[in-house]
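Okay, structure first, notes after.
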Amino acid sequence: MRLKVLHFLVLFLSIALAAPAGANALPGGYYKLWRVVRVITAPWASAATLPAATQALSRAGVAFLDDAVKGPGPLACAHATYSDRDTSFDDLFAGRIAEDKIQEVFKTLDLEDVSPYGLRVICGGEVTTYLRIHSADLLVRAGDVILRLAPRENESGVDVAEWVQPITPGFDCDKASTTAEQLICMDFDVARLDRTIARLYAALRHDVSEASFATIQTTQRIWLGHTARSCAGGPLPADWIERRDMTLCLRTAYEDWATLYKGLKVSRIGSLAIEPRMHIIAAERPRDKSDWIVYPWMIGSPEATATAFNALIERRLAPQSTYLTGERVLEPDADYPISAWRSYKIDRTKDGSLSISIFGQVFNGGTQGEISETIRFDMDHAAVK
């Protein structure tokens with residue numbers, strides 16, 4: 001029995017010693033997915049002389065896989081191994097900056113707390129070094145540019161092939177001017193949501209009447225401005241944690257807004273159509289608040305039916321007012337944000353009437369209330385039922 005155990009141990013050790021030491025594994029402390037958030041011209045180069053392909057590096061994704069690096073050409077590697085140890089600033093500056101000038105150069109490049117410690121990617125006979133910034137970002141040189149990469153914390157549900165493509169929201173990232181726009185151009189999820197909203201918004205332009213779309217257009221512009229100011233007011237932070245918090249705020253807001261747009265439909269009843277219209281009241285001072293409503297509006301003939309329906313909506317929903325005023329919200333001077341929203345769903349009943357379900361929420365600091373109401377409209381008699 002002892003001989004069998006001894007034989008097993010010898011066999012186990014021989015297999016273990018013969019097996020690779022796991023050099024391919026990404027060292028602990030490094031995320032798998034990263035995004036190029038800044039392209040910096042190297043101190044010895046001129047932006048005017050950089051090749052056009054350099055621009056393609058902006059906003060590209062990088063994925064450190066077990067045995068490969070996926071991403072833009074200069075960083076990609078089909079067969080990669082990793083190590084994590086002290087390096088040298090010479091790896092970043094290709095030995096072209098004197099040691100006593102390095103910290104001065106970092107300041108001119110607006111880089112702080114760069115550590116001579118990082119991730120080394122060995123690809124064949126070449127080594128690419130990613131230096132750590134204490135804010136959790138990485139720096140890497142690609143030819144005559146230095147790339148700053150920011151991590152993605154949650155890697156679940158992300159398709160790597162899609163991730164490594166440059167971010168493409170519903171606007172031109174090369175023209176991004178506000179902090180919110182810059183953050184969207186750095187974040188895979190918010191950019192995708194922005195693209196979805198832009199697509200659905202464009203479709204509504206063709207689906208609804210000019211008057212109804214005007215309300216959607218006005219609401220969209222006010223919502224964009226309010227969201228940008230409330231989530232990402234001020235300049236773009238250098239600190240990764242601050243950028244993350246701003247991005248999470250934008251992500252939540254855009255998820256809700258995309259869900260809203262997916263529900264904006266036109267209902268047709270013979271020669272009548274019920275279109276979505278929108279109204280919003282939003283402000284950041286003296287208190288951060290937003291109050292928006294999506295409400296139905298009938299057009300077409302018989303005109304008397306449409307007029308009666310719309311009068312009912314005006315009377316029961318008061319869409320041009322704000323839900324947060326009056327006695328509904330207490331402590332108006334409190335400094336926490338408040339918000340309210342209302343939307344609707346229309347169903348035909350068996351007797352031909354319309355059942356209009358109004359639903360929504362009010363968030364007043366630490367409390368939250370549901371909005372629920374049902375309106376019945378008799379199509380045959382153009383009256384409330």
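Residue names in the structure tokens use chain letters A, B, ... in the order shown, residue numbers from 1 in each chain, and ligand numbers from 1 in the order shown.
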
Inset, instruction - Write out as a ChimeraX atom specification each polymer residue whose atoms come within 12 Å of Gln217 of chain A, counting only C-alpha atoms; drop sequence neighbours fewer than 4 positions from it. - result: /A:198,201-202,204-205,208,210-213,221-224,276-280

Legend entry - Close residues, Leu147 of chain A itself excluded, 6 Å, only C-alpha atoms, min 5 positions apart in chain, as an MDAnalysis selection string: chainID A and resid 38:39 139:140

Let me see the file: selected residues, C-alpha atoms, as a PDB file, in the first residue's frame.
ATOM      1  CA  ARG A  38      -6.095  59.287 -24.050  1.00  0.00           C
ATOM      2  CA  VAL A  39      -3.476  59.427 -26.803  1.00  0.00           C
ATOM      3  CA  LEU A 139       0.455  53.812 -19.565  1.00  0.00           C
ATOM      4  CA  VAL A 140       2.018  52.156 -22.599  1.00  0.00           C
TER       5      VAL A 140
END

Legend entry - Residue with smallest distance to Tyr295 of chain A - pool A:Tyr323, A:Phe309, A:Tyr344, A:Tyr261, counting only C-alpha atoms: A:Tyr344

Inset, instruction - Could you tell me how far atom CA of Lys289 of chain A lies from atom CA of Ile338 of chain A, in Å and to one decimal? - result: 4.8 Å

Inset, instruction - Can you pull out every residue within 9 Å of Ala308 of chain A, counting only C-alpha atoms, but drop anything in the same chain fewer than 6 positions away, and send it as a PyMOL selection string? - result: chain A and resi 382-384

For the selection you just gave me, I'd like the residues written to a file as a PDB file, in the first residue's frame, keeping N, CA and C atoms.
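Writing done, so here's selection_33.pdb:
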ATOM      1  N   ALA A 382     -67.052  59.554 -27.404  1.00  0.00           N
ATOM      2  CA  ALA A 382     -66.028  60.575 -27.179  1.00  0.00           C
ATOM      3  C   ALA A 382     -66.129  61.186 -25.801  1.00  0.00           C
ATOM      4  N   ALA A 383     -66.148  60.314 -24.781  1.00  0.00           N
ATOM      5  CA  ALA A 383     -66.324  60.793 -23.420  1.00  0.00           C
ATOM      6  C   ALA A 383     -65.645  59.853 -22.437  1.00  0.00           C
ATOM      7  N   VAL A 384     -65.426  60.356 -21.236  1.00  0.00           N
ATOM      8  CA  VAL A 384     -64.891  59.519 -20.172  1.00  0.00           C
ATOM      9  C   VAL A 384     -65.919  58.480 -19.791  1.00  0.00           C
TER      10      VAL A 384
END
